[in-house]
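Undergrad: So here's final.pdb, just PDB, C-alpha atoms and all ligand atoms:
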ATOM      1  CA  MET A   1       6.919 -18.392 -26.644
ATOM      2  CA  ARG A   2      10.249 -16.597 -26.235
ATOM      3  CA  VAL A   3       9.750 -14.261 -23.267
ATOM      4  CA  ALA A   4      12.146 -11.806 -21.609
ATOM      5  CA  PHE A   5      11.133 -11.230 -17.979
ATOM      6  CA  LEU A   6      12.531  -8.092 -16.329
ATOM      7  CA  GLY A   7      12.350  -7.636 -12.539
ATOM      8  CA  LEU A   8      12.565 -10.620 -10.215
ATOM      9  CA  GLY A   9      11.132  -9.165  -7.027
ATOM     10  CA  ILE A  10       8.360 -10.524  -4.761
ATOM     11  CA  MET A  11       5.978 -10.730  -7.753
ATOM     12  CA  GLY A  12       8.244 -11.035 -10.788
ATOM     13  CA  ARG A  13      10.224 -14.024  -9.628
ATOM     14  CA  PRO A  14       7.274 -16.419  -9.145
ATOM     15  CA  MET A  15       5.607 -15.047 -12.307
ATOM     16  CA  ALA A  16       8.715 -15.825 -14.372
ATOM     17  CA  ALA A  17       9.039 -19.219 -12.658
ATOM     18  CA  ASN A  18       5.486 -20.076 -13.755
ATOM     19  CA  LEU A  19       6.351 -19.172 -17.361
ATOM     20  CA  VAL A  20       9.347 -21.547 -17.195
ATOM     21  CA  LYS A  21       7.117 -24.229 -15.668
ATOM     22  CA  ALA A  22       4.623 -23.838 -18.531
ATOM     23  CA  GLY A  23       7.414 -24.563 -21.035
ATOM     24  CA  HIS A  24       8.138 -21.061 -22.366
ATOM     25  CA  GLU A  25      11.677 -20.072 -23.303
ATOM     26  CA  VAL A  26      12.486 -17.410 -20.702
ATOM     27  CA  SER A  27      15.379 -14.975 -20.406
ATOM     28  CA  THR A  28      15.567 -12.804 -17.282
ATOM     29  CA  TRP A  29      17.169  -9.595 -16.105
ATOM     30  CA  ASN A  30      17.159  -8.035 -12.649
ATOM     31  CA  ARG A  31      18.788  -4.719 -11.667
ATOM     32  CA  SER A  32      20.703  -6.226  -8.703
ATOM     33  CA  ALA A  33      22.804  -9.270  -9.351
ATOM     34  CA  GLY A  34      22.262 -12.630  -7.650
ATOM     35  CA  LYS A  35      18.585 -13.088  -8.556
ATOM     36  CA  GLU A  36      18.961 -15.686 -11.317
ATOM     37  CA  LEU A  37      16.104 -18.096 -11.953
ATOM     38  CA  GLU A  38      16.498 -21.815 -12.528
ATOM     39  CA  GLY A  39      15.475 -22.869 -16.029
ATOM     40  CA  ALA A  40      15.870 -19.353 -17.453
ATOM     41  CA  GLN A  41      18.753 -17.642 -19.231
ATOM     42  CA  ALA A  42      20.104 -14.630 -17.267
ATOM     43  CA  ALA A  43      20.856 -11.529 -19.387
ATOM     44  CA  ALA A  44      23.277  -8.703 -18.586
ATOM     45  CA  SER A  45      20.866  -5.882 -19.510
ATOM     46  CA  PRO A  46      17.227  -5.269 -20.488
ATOM     47  CA  ALA A  47      18.395  -4.807 -24.104
ATOM     48  CA  GLU A  48      20.175  -8.158 -24.104
ATOM     49  CA  ALA A  49      17.136  -9.906 -22.596
ATOM     50  CA  ALA A  50      14.843  -8.292 -25.190
ATOM     51  CA  ARG A  51      16.942  -9.380 -28.197
ATOM     52  CA  GLY A  52      15.099 -12.229 -29.968
ATOM     53  CA  ALA A  53      12.147 -12.164 -27.541
ATOM     54  CA  GLU A  54       8.585 -12.185 -28.860
ATOM     55  CA  VAL A  55       7.342 -10.720 -25.584
ATOM     56  CA  VAL A  56       9.159  -8.517 -23.042
ATOM     57  CA  TRP A  57       7.380  -8.663 -19.685
ATOM     58  CA  MET A  58       8.220  -6.195 -16.869
ATOM     59  CA  CYS A  59       7.412  -6.258 -13.183
ATOM     60  CA  VAL A  60       9.405  -3.531 -11.439
ATOM     61  CA  SER A  61       8.659  -1.061  -8.654
ATOM     62  CA  ASP A  62       7.348   2.177 -10.111
ATOM     63  CA  THR A  63       6.980   4.567 -13.053
ATOM     64  CA  GLU A  64      10.624   5.706 -12.920
ATOM     65  CA  ALA A  65      11.853   2.099 -12.858
ATOM     66  CA  VAL A  66       9.755   1.221 -15.933
ATOM     67  CA  GLU A  67      11.077   4.285 -17.764
ATOM     68  CA  GLN A  68      14.692   3.308 -16.968
ATOM     69  CA  VAL A  69      14.177  -0.331 -17.945
ATOM     70  CA  LEU A  70      12.594   0.686 -21.267
ATOM     71  CA  PHE A  71      14.578   3.733 -22.286
ATOM     72  CA  GLY A  72      17.730   3.775 -20.097
ATOM     73  CA  PRO A  73      21.274   3.353 -21.524
ATOM     74  CA  GLU A  74      20.949  -0.434 -22.076
ATOM     75  CA  GLY A  75      17.152  -0.378 -22.043
ATOM     76  CA  VAL A  76      14.618  -2.621 -23.776
ATOM     77  CA  GLU A  77      14.278  -0.124 -26.660
ATOM     78  CA  LYS A  78      17.842  -0.946 -27.771
ATOM     79  CA  GLY A  79      17.168  -4.677 -28.192
ATOM     80  CA  LEU A  80      13.453  -4.816 -29.024
ATOM     81  CA  GLU A  81      12.497  -6.770 -32.145
ATOM     82  CA  SER A  82       9.994  -5.188 -34.498
ATOM     83  CA  GLY A  83       6.620  -6.909 -33.963
ATOM     84  CA  ALA A  84       7.440  -7.846 -30.358
ATOM     85  CA  VAL A  85       5.092  -6.931 -27.492
ATOM     86  CA  VAL A  86       6.116  -5.130 -24.301
ATOM     87  CA  VAL A  87       3.908  -5.983 -21.324
ATOM     88  CA  ASP A  88       4.033  -4.093 -18.031
ATOM     89  CA  SER A  89       2.782  -5.804 -14.866
ATOM     90  CA  SER A  90       4.187  -3.098 -12.586
ATOM     91  CA  THR A  91       1.618  -0.701 -11.092
ATOM     92  CA  ILE A  92       2.491   2.696 -12.552
ATOM     93  CA  SER A  93       1.011   5.999 -13.713
ATOM     94  CA  PRO A  94      -1.768   5.637 -16.337
ATOM     95  CA  SER A  95      -0.709   8.868 -18.086
ATOM     96  CA  ALA A  96       2.979   7.819 -18.215
ATOM     97  CA  THR A  97       1.812   4.458 -19.607
ATOM     98  CA  LEU A  98       0.248   6.242 -22.584
ATOM     99  CA  LYS A  99       3.569   7.967 -23.328
ATOM    100  CA  PHE A 100       5.579   4.747 -22.990
ATOM    101  CA  ALA A 101       3.131   2.898 -25.259
ATOM    102  CA  GLU A 102       3.392   5.620 -27.903
ATOM    103  CA  ARG A 103       7.218   5.473 -27.869
ATOM    104  CA  ILE A 104       7.270   1.668 -28.129
ATOM    105  CA  ARG A 105       4.689   1.660 -30.934
ATOM    106  CA  ALA A 106       6.792   4.175 -32.859
ATOM    107  CA  LYS A 107       9.474   1.418 -32.957
ATOM    108  CA  GLY A 108       7.084  -1.024 -34.682
ATOM    109  CA  SER A 109       6.301  -3.029 -31.532
ATOM    110  CA  ASP A 110       3.181  -3.030 -29.347
ATOM    111  CA  TYR A 111       2.592  -2.231 -25.669
ATOM    112  CA  VAL A 112       0.132  -3.699 -23.156
ATOM    113  CA  ASP A 113      -0.375  -2.597 -19.544
ATOM    114  CA  ALA A 114      -1.207  -5.651 -17.438
ATOM    115  CA  PRO A 115      -0.942  -4.839 -13.723
ATOM    116  CA  VAL A 116      -1.974  -7.629 -11.383
ATOM    117  CA  THR A 117      -3.895  -8.328  -8.236
ATOM    118  CA  GLY A 118      -3.463 -11.375  -6.011
ATOM    119  CA  SER A 119      -0.237 -10.452  -4.207
ATOM    120  CA  LYS A 120       2.619 -12.841  -3.403
ATOM    121  CA  ILE A 121       0.390 -15.884  -2.772
ATOM    122  CA  GLY A 122      -1.429 -15.353  -6.095
ATOM    123  CA  ALA A 123       1.872 -14.964  -7.965
ATOM    124  CA  GLU A 124       3.338 -18.117  -6.435
ATOM    125  CA  GLY A 125       0.233 -20.200  -7.140
ATOM    126  CA  GLY A 126      -0.315 -18.932 -10.723
ATOM    127  CA  GLN A 127      -3.595 -17.399  -9.512
ATOM    128  CA  LEU A 128      -3.096 -13.745 -10.411
ATOM    129  CA  ILE A 129      -5.778 -11.571 -11.959
ATOM    130  CA  PHE A 130      -4.457  -9.457 -14.860
ATOM    131  CA  ILE A 131      -6.062  -6.042 -15.382
ATOM    132  CA  VAL A 132      -5.291  -5.247 -18.986
ATOM    133  CA  GLY A 133      -5.166  -2.276 -21.348
ATOM    134  CA  GLY A 134      -4.165  -2.623 -25.008
ATOM    135  CA  ALA A 135      -5.222  -3.611 -28.510
ATOM    136  CA  GLU A 136      -7.531  -6.637 -28.497
ATOM    137  CA  ALA A 137      -5.549  -8.636 -31.099
ATOM    138  CA  THR A 138      -2.288  -8.135 -29.181
ATOM    139  CA  VAL A 139      -3.892  -9.065 -25.873
ATOM    140  CA  ASP A 140      -5.269 -12.249 -27.523
ATOM    141  CA  ARG A 141      -1.751 -13.272 -28.563
ATOM    142  CA  LEU A 142      -0.673 -13.098 -24.920
ATOM    143  CA  LYS A 143      -3.384 -15.451 -23.633
ATOM    144  CA  PRO A 144      -1.087 -18.506 -23.123
ATOM    145  CA  LEU A 145       1.211 -16.336 -20.976
ATOM    146  CA  PHE A 146      -1.643 -14.902 -18.902
ATOM    147  CA  ALA A 147      -2.899 -18.460 -18.392
ATOM    148  CA  ALA A 148       0.522 -19.641 -17.145
ATOM    149  CA  MET A 149       0.646 -16.947 -14.459
ATOM    150  CA  GLY A 150      -2.945 -16.238 -13.574
ATOM    151  CA  LYS A 151      -6.504 -17.452 -13.155
ATOM    152  CA  LEU A 152      -8.209 -14.523 -14.891
ATOM    153  CA  MET A 153      -7.408 -11.826 -17.443
ATOM    154  CA  VAL A 154      -9.799  -8.931 -17.889
ATOM    155  CA  ARG A 155      -9.207  -6.575 -20.806
ATOM    156  CA  VAL A 156     -10.503  -3.276 -19.480
ATOM    157  CA  GLY A 157      -9.948  -1.310 -22.685
ATOM    158  CA  GLU A 158      -7.207   0.502 -24.604
ATOM    159  CA  SER A 159      -3.713   1.404 -23.334
ATOM    160  CA  GLY A 160      -3.583   2.916 -19.860
ATOM    161  CA  GLN A 161      -6.985   1.585 -18.804
ATOM    162  CA  GLY A 162      -5.451  -1.443 -17.090
ATOM    163  CA  GLN A 163      -3.402   0.880 -14.890
ATOM    164  CA  SER A 164      -6.404   3.163 -14.274
ATOM    165  CA  ALA A 165      -8.587   0.241 -13.129
ATOM    166  CA  LYS A 166      -5.741  -1.196 -11.043
ATOM    167  CA  ILE A 167      -5.187   1.998  -9.028
ATOM    168  CA  ALA A 168      -8.943   2.364  -8.511
ATOM    169  CA  MET A 169      -8.971  -1.184  -7.078
ATOM    170  CA  ASN A 170      -5.952  -0.528  -4.870
ATOM    171  CA  LEU A 171      -7.701   2.597  -3.574
ATOM    172  CA  MET A 172     -10.496   0.321  -2.339
ATOM    173  CA  ILE A 173      -7.993  -2.135  -0.848
ATOM    174  CA  ALA A 174      -6.123   0.616   1.039
ATOM    175  CA  LEU A 175      -9.342   2.116   2.412
ATOM    176  CA  THR A 176     -10.902  -1.272   3.231
ATOM    177  CA  TYR A 177      -7.811  -2.336   5.159
ATOM    178  CA  GLU A 178      -7.729   0.945   7.129
ATOM    179  CA  GLY A 179     -11.411   0.421   7.961
ATOM    180  CA  PHE A 180     -10.619  -3.094   9.173
ATOM    181  CA  ALA A 181      -7.617  -1.876  11.200
ATOM    182  CA  GLU A 182      -9.624   0.957  12.809
ATOM    183  CA  GLY A 183     -12.510  -1.419  13.610
ATOM    184  CA  LEU A 184     -10.131  -3.908  15.216
ATOM    185  CA  THR A 185      -8.431  -1.176  17.225
ATOM    186  CA  LEU A 186     -11.728   0.216  18.504
ATOM    187  CA  ALA A 187     -13.094  -3.250  19.341
ATOM    188  CA  THR A 188      -9.898  -4.190  21.208
ATOM    189  CA  LYS A 189      -9.974  -0.928  23.179
ATOM    190  CA  LEU A 190     -13.575  -1.684  24.135
ATOM    191  CA  GLY A 191     -12.654  -5.206  25.276
ATOM    192  CA  VAL A 192     -13.954  -7.269  22.312
ATOM    193  CA  LYS A 193     -11.773 -10.245  21.269
ATOM    194  CA  ALA A 194     -10.350  -9.995  17.739
ATOM    195  CA  GLU A 195     -11.522 -13.520  16.803
ATOM    196  CA  LYS A 196     -15.100 -12.744  17.880
ATOM    197  CA  LEU A 197     -15.157  -9.596  15.773
ATOM    198  CA  LEU A 198     -13.799 -11.579  12.800
ATOM    199  CA  GLU A 199     -16.420 -14.278  13.215
ATOM    200  CA  LEU A 200     -19.084 -11.571  12.907
ATOM    201  CA  VAL A 201     -17.357  -9.782  10.028
ATOM    202  CA  ASN A 202     -17.028 -12.988   8.009
ATOM    203  CA  ALA A 203     -20.678 -13.957   8.587
ATOM    204  CA  SER A 204     -22.094 -10.549   7.668
ATOM    205  CA  MET A 205     -22.133  -8.015   4.833
ATOM    206  CA  VAL A 206     -18.933  -6.508   6.281
ATOM    207  CA  ARG A 207     -16.887  -9.450   4.987
ATOM    208  CA  SER A 208     -14.306  -8.761   2.304
ATOM    209  CA  GLY A 209     -11.500 -10.437   0.412
ATOM    210  CA  VAL A 210      -9.095  -7.917   1.900
ATOM    211  CA  VAL A 211     -10.063  -8.944   5.439
ATOM    212  CA  GLU A 212      -9.980 -12.638   4.522
ATOM    213  CA  TYR A 213      -6.448 -12.301   3.135
ATOM    214  CA  LYS A 214      -5.040 -10.056   5.847
ATOM    215  CA  ALA A 215      -6.733 -11.281   9.047
ATOM    216  CA  PRO A 216      -4.597 -14.431   9.524
ATOM    217  CA  PHE A 217      -1.409 -12.362   9.216
ATOM    218  CA  VAL A 218      -2.737  -9.666  11.559
ATOM    219  CA  LEU A 219      -3.806 -12.181  14.226
ATOM    220  CA  LYS A 220      -0.309 -13.722  14.113
ATOM    221  CA  ARG A 221       1.189 -10.211  14.076
ATOM    222  CA  ASP A 222       3.128 -11.209  10.974
ATOM    223  CA  PHE A 223       3.885  -7.959   9.151
ATOM    224  CA  SER A 224       6.556  -9.416   6.845
ATOM    225  CA  PRO A 225       5.997  -7.973   3.380
ATOM    226  CA  ASN A 226       3.493  -9.580   1.022
ATOM    227  CA  PHE A 227       2.730  -6.146  -0.391
ATOM    228  CA  PRO A 228       5.245  -3.732   1.128
ATOM    229  CA  LEU A 229       3.879  -0.524   2.645
ATOM    230  CA  ARG A 230       6.294   1.518   0.467
ATOM    231  CA  LEU A 231       4.586   0.099  -2.673
ATOM    232  CA  MET A 232       1.028   0.769  -1.453
ATOM    233  CA  HIS A 233       2.236   4.274  -0.507
ATOM    234  CA  LYS A 234       3.571   4.640  -4.085
ATOM    235  CA  ASP A 235       0.143   3.530  -5.384
ATOM    236  CA  ILE A 236      -1.644   6.054  -3.145
ATOM    237  CA  HIS A 237       0.484   8.772  -4.736
ATOM    238  CA  LEU A 238      -0.462   7.424  -8.201
ATOM    239  CA  MET A 239      -4.153   7.635  -7.218
ATOM    240  CA  LEU A 240      -3.827  11.180  -5.851
ATOM    241  CA  ASP A 241      -1.851  12.287  -8.941
ATOM    242  CA  ALA A 242      -4.494  10.756 -11.240
ATOM    243  CA  ALA A 243      -7.219  12.483  -9.205
ATOM    244  CA  ARG A 244      -5.423  15.821  -9.565
ATOM    245  CA  GLU A 245      -5.048  15.277 -13.325
ATOM    246  CA  ALA A 246      -8.793  14.475 -13.512
ATOM    247  CA  ARG A 247      -9.609  17.411 -11.166
ATOM    248  CA  ILE A 248     -11.484  15.338  -8.568
ATOM    249  CA  LYS A 249     -11.135  15.056  -4.766
ATOM    250  CA  LEU A 250     -10.541  11.832  -2.790
ATOM    251  CA  PRO A 251     -10.785  12.998   0.833
ATOM    252  CA  ALA A 252     -10.706   9.583   2.592
ATOM    253  CA  LEU A 253      -7.619   8.629   0.601
ATOM    254  CA  GLU A 254      -5.909  11.903   1.558
ATOM    255  CA  THR A 255      -6.338  10.963   5.228
ATOM    256  CA  VAL A 256      -5.016   7.442   4.659
ATOM    257  CA  GLU A 257      -2.020   8.954   2.842
ATOM    258  CA  GLU A 258      -1.146  10.885   6.025
ATOM    259  CA  ILE A 259      -1.170   7.594   7.979
ATOM    260  CA  TYR A 260       1.262   6.107   5.425
ATOM    261  CA  GLU A 261       3.512   9.199   5.774
ATOM    262  CA  ILE A 262       3.720   8.692   9.537
ATOM    263  CA  ALA A 263       4.201   4.925   9.201
ATOM    264  CA  THR A 264       7.060   5.590   6.769
ATOM    265  CA  ASP A 265       8.646   8.080   9.206
ATOM    266  CA  GLU A 266       8.374   5.388  11.883
ATOM    267  CA  GLY A 267      10.429   2.944   9.769
ATOM    268  CA  GLN A 268       7.599   0.682   8.518
ATOM    269  CA  ALA A 269       8.117   1.206   4.760
ATOM    270  CA  ASP A 270       9.529  -2.271   4.143
ATOM    271  CA  LEU A 271       6.926  -4.069   6.267
ATOM    272  CA  ASP A 272       3.580  -5.132   4.824
ATOM    273  CA  TYR A 273       1.013  -2.324   4.486
ATOM    274  CA  ALA A 274      -0.960  -4.178   7.177
ATOM    275  CA  ALA A 275       1.592  -2.690   9.603
ATOM    276  CA  THR A 276      -0.348   0.608   9.569
ATOM    277  CA  LEU A 277      -2.368  -1.147  12.301
ATOM    278  CA  ALA A 278       0.622  -0.704  14.630
ATOM    279  CA  LEU A 279       0.228   3.091  14.473
ATOM    280  CA  LEU A 280      -3.457   2.941  15.396
ATOM    281  CA  GLU A 281      -2.574   0.591  18.254
ATOM    282  CA  LYS A 282       0.107   2.971  19.503
ATOM    283  CA  TRP A 283      -2.322   5.906  19.479
ATOM    284  CA  ALA A 284      -4.975   3.765  21.247
ATOM    285  CA  GLY A 285      -2.585   2.139  23.735
ATOM    286  CA  VAL A 286      -3.726  -1.413  22.793
ATOM    287  CA  GLU A 287      -2.393  -4.388  20.872
ATOM    288  CA  VAL A 288      -4.647  -6.493  18.614
ATOM    289  CA  LYS A 289      -3.793 -10.168  18.586
ATOM    290  CA  GLY A 290      -5.309 -13.602  18.202
ATOM    291  CA  THR A 291      -5.364 -15.961  21.168
ATOM    292  CA  SER A 292      -2.611 -18.092  19.612
ATOM    293  CA  ALA A 293      -0.281 -15.145  18.847
TER
HETATM  294  P1  LIG A 301       9.724  -5.714  -5.123
HETATM  295  O1  LIG A 301       9.808  -7.061  -4.485
HETATM  296  O2  LIG A 301      10.177  -4.516  -4.387
HETATM  297  O3  LIG A 301      10.539  -5.816  -6.520
HETATM  298  C1  LIG A 301      10.762  -4.673  -7.279
HETATM  299  C2  LIG A 301      11.549  -5.054  -8.502
HETATM  300  O4  LIG A 301      11.784  -3.852  -9.251
HETATM  301  C3  LIG A 301      12.938  -5.638  -8.186
HETATM  302  O5  LIG A 301      13.272  -6.592  -9.153
HETATM  303  C4  LIG A 301      13.820  -4.398  -8.304
HETATM  304  O6  LIG A 301      15.162  -4.691  -8.581
HETATM  305  C5  LIG A 301      13.178  -3.708  -9.476
HETATM  306  N1  LIG A 301      13.525  -2.277  -9.581
HETATM  307  C6  LIG A 301      13.260  -1.295  -8.703
HETATM  308  N2  LIG A 301      13.722  -0.110  -9.161
HETATM  309  C7  LIG A 301      14.293  -0.375 -10.366
HETATM  310  C8  LIG A 301      14.931   0.436 -11.340
HETATM  311  N3  LIG A 301      15.089   1.753 -11.165
HETATM  312  N4  LIG A 301      15.375  -0.156 -12.466
HETATM  313  C9  LIG A 301      15.217  -1.488 -12.656
HETATM  314  N5  LIG A 301      14.627  -2.317 -11.775
HETATM  315  C10 LIG A 301      14.163  -1.755 -10.643
HETATM  316  O7  LIG A 301       8.242  -5.391  -5.620
HETATM  317  P2  LIG A 301       7.046  -6.385  -6.014
HETATM  318  O8  LIG A 301       6.217  -6.641  -4.808
HETATM  319  O9  LIG A 301       7.572  -7.498  -6.828
HETATM  320  O10 LIG A 301       6.188  -5.383  -6.923
HETATM  321  C11 LIG A 301       6.479  -5.141  -8.296
HETATM  322  C12 LIG A 301       5.347  -4.331  -8.898
HETATM  323  O11 LIG A 301       4.119  -5.082  -8.781
HETATM  324  C13 LIG A 301       5.094  -2.990  -8.201
HETATM  325  O12 LIG A 301       4.732  -2.021  -9.136
HETATM  326  C14 LIG A 301       3.946  -3.303  -7.268
HETATM  327  O13 LIG A 301       3.188  -2.149  -6.953
HETATM  328  C15 LIG A 301       3.159  -4.318  -8.070
HETATM  329  N6  LIG A 301       2.320  -5.234  -7.272
HETATM  330  C16 LIG A 301       2.808  -5.828  -6.152
HETATM  331  C17 LIG A 301       1.985  -6.680  -5.411
HETATM  332  C18 LIG A 301       2.443  -7.347  -4.154
HETATM  333  O14 LIG A 301       1.564  -7.848  -3.401
HETATM  334  N7  LIG A 301       3.734  -7.406  -3.844
HETATM  335  C19 LIG A 301       0.668  -6.939  -5.848
HETATM  336  C20 LIG A 301       0.218  -6.344  -7.018
HETATM  337  C21 LIG A 301       1.045  -5.477  -7.732
HETATM  338  P3  LIG A 301      16.236  -4.926  -7.379
HETATM  339  O15 LIG A 301      16.192  -6.390  -7.061
HETATM  340  O16 LIG A 301      17.507  -4.474  -7.984
HETATM  341  O17 LIG A 301      15.813  -4.042  -6.225
END
Using the file provided, produce a representation of the structure as structure tokens.
Ligand code: NAP
TA:
Amino acid sequence: MRVAFLGLGIMGRPMAANLVKAGHEVSTWNRSAGKELEGAQAAASPAEAARGAEVVWMCVSDTEAVEQVLFGPEGVEKGLESGAVVVDSSTISPSATLKFAERIRAKGSDYVDAPVTGSKIGAEGGQLIFIVGGAEATVDRLKPLFAAMGKLMVRVGESGQGQSAKIAMNLMIALTYEGFAEGLTLATKLGVKAEKLLELVNASMVRSGVVEYKAPFVLKRDFSPNFPLRLMHKDIHLMLDAAREARIKLPALETVEEIYEIATDEGQADLDYAATLALLEKWAGVEVKGTSA
């Protein structure tokens, strides 16, 4: 298929590379120069990339970025072919997604929200899980592209529901990780070795994919960004905004948001979100590490 891929960051770049590898005809655009991709045609603007494309796939930071890429001065809207499909793999506001979808549909094209889970390793290995909202027939047409980049695609429902399910899942990830980090901090303060605690966690009902993914990095004290703290913080704001719109309370998340505020003030925004552990350690006067770290 002819695909325009917009946004070659931590996730977008390997996703686009997997489309090239699968034999699709890919054009790319990235806001900052110097992020060209081998095997793909670099475009000067989102509009230029979108011209002639059957599918325009985005993976950029946040709601504002998606709005600019779609409707900015040289945005997708200006080059979009009638009958094309716009797919958004960024994690953004569910209610803004509904508005974007309506505007794109008014142009005779279709819109699918397809945020992902699986992080950098999943993107690189073509093992992402796509969490999808949109018309069933349109989503079906995209199956070869989902298959090139991921191991599973779940259509949650109509437009916006992919984003709604995605932020609900990230809520659980953020809270699970904070639980893990607090448990590790307490155990270390009480003299328990991190590896021993992990052995127990992994053998018991406490085990989780979040812990499995993050523990090796934590034990090595490698907080280089797989999922940058600034992006999880952005997602926490999306969750709290959605909760306000739905008039519900998420008290544990509100507390975790305060931790992210402090971590951001302490200069950790560009580290992985696992770096929130460092704050707990500072408050406890301990450092968690594996024996080989
Ligand atoms: P990233 O490495 O920070 O890349 C962000 C991309 O967005 C870059 O290409 C950046 O362009 C572009 N961008 C930012 N603001 C823009 C704007 N105003 N206009 C146009 N382009 C703009 O982020 P990422 O990790 O790839 O994440 C991308 C999306 O996937 C986010 O919504 C994130 O929440 C979601 N996600 C990430 C992960 C993960 O583990 N990393 C997992 C699941 C979902 P420049 O190069 O010019 O800065």
Undergrad: Identify, counting all atoms listed in the file, the protein, DNA and RNA residues located within 9 Å of ligand LIG 301 (chain A), and give them as number ranges by chain.
TA: A: 6-13, 29-35, 46, 58-69, 72, 89-92, 115-123, 128, 166, 170, 225-228, 230-232, 234-235, 270, 272
Undergrad: Interatomic distance between CA of Leu19 in chain A and CA of Phe146 in chain A?
TA: 9.2 Å
Undergrad: Extract, using all atoms listed in the file, all DNA, RNA and protein residues at most 9 Å from Met1 in chain A, discarding same-chain residues fewer than 3 positions from it, and format them as a PDB file with C-alpha atoms, keeping the file's coordinate frame.
TA:
ATOM      1  CA  GLY A  23       7.414 -24.563 -21.035  1.00  0.00           C
ATOM      2  CA  HIS A  24       8.138 -21.061 -22.366  1.00  0.00           C
ATOM      3  CA  GLU A  25      11.677 -20.072 -23.303  1.00  0.00           C
ATOM      4  CA  VAL A  26      12.486 -17.410 -20.702  1.00  0.00           C
ATOM      5  CA  ALA A  53      12.147 -12.164 -27.541  1.00  0.00           C
ATOM      6  CA  GLU A  54       8.585 -12.185 -28.860  1.00  0.00           C
ATOM      7  CA  VAL A  55       7.342 -10.720 -25.584  1.00  0.00           C
ATOM      8  CA  PRO A 144      -1.087 -18.506 -23.123  1.00  0.00           C
ATOM      9  CA  LEU A 145       1.211 -16.336 -20.976  1.00  0.00           C
TER      10      LEU A 145
END
Undergrad: Which of these, A:Val87, A:Ala137, A:Ala194, A:Leu171, has the shortest distance to Val286 in chain A once you count only C-alpha atoms?
TA: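 Using only C-alpha atoms, Val286 in chain A sits closest to A:Ala194.
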Undergrad: Could you give me the axis-aligned bounding box of range 179-190 of chain A, with 5 Å of padding per side, as centre plus edge lengths in Å to one decimal, as lines of an AutoDock Vina configuration file?
TA:
center_x = -10.6
center_y = -1.6
center_z = 16.0
size_x = 16.0
size_y = 15.1
size_z = 26.2
Undergrad: So, with only C-alpha atoms as the atoms that count, which of A:Gly108, A:Pro94, A:Pro73, A:Gly52 lies closest to Glu245 in chain A?
TA: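 Going through A:Gly108, A:Pro94, A:Pro73, A:Gly52 one by one, the smallest distance to Glu245 in chain A is for A:Pro94.
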Undergrad: Which residue, A:Tyr273, A:Trp57, A:Phe5, A:Phe71, has the smallest gap to Ala43 in chain A when you use all atoms listed in the file?
TA: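 Among the listed residues, the smallest separation from Ala43 in chain A belongs to A:Phe5.
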Undergrad: Name the closest residue to Ala246 in chain A among the candidates A:Ser27, A:Ser95, A:Asn18, A:Ser109; distances are taken between atoms, counting all atoms listed in the file.
TA: A:Ser95
Undergrad: Determine, counting only C-alpha atoms, which protein, DNA and RNA residues have an atom within 7 Å of an atom of range 155-160 of chain A; residues of the same chain fewer than 6 positions away are not included. Present the result as a list in words.
TA: Pro94, Ser95, Thr97, Leu98, Val112, Asp113, Ile131, Val132, Gly133, Gly134 and Ala135 of chain A
Undergrad: Do you know which residues are at most 10 Å from Arg221 in chain A counting all atoms listed in the file, after dropping those on the same chain fewer than 5 positions away, and could you put them as a VMD selection string?
TA: chain A and resid 215 to 216 274 to 275 277 to 278 287 to 290 293
Undergrad: Please compute the CA of Arg103 in chain A-CA of Val56 in chain A distance, one decimal, in Å.
TA: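 A separation of 14.9 Å between them.
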Undergrad: How many Å lie between CA of Glu77 in chain A and CA of Leu142 in chain A, rounded to one decimal?
TA: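 So the answer is 19.9 Å.
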Undergrad: Of the residues A:Ala106, A:Val154, A:Ile262, A:Ala40, which is the one nearest to Leu80 in chain A, using all atoms listed in the file?
TA: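 Among the listed residues, A:Ala106 lies closest to Leu80 in chain A.
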Undergrad: Between A:Arg105, A:Thr291, A:Phe130, A:Asp265, which residue has the minimum interatomic distance to Lys196 in chain A, considering all atoms listed in the file?
TA: A:Thr291
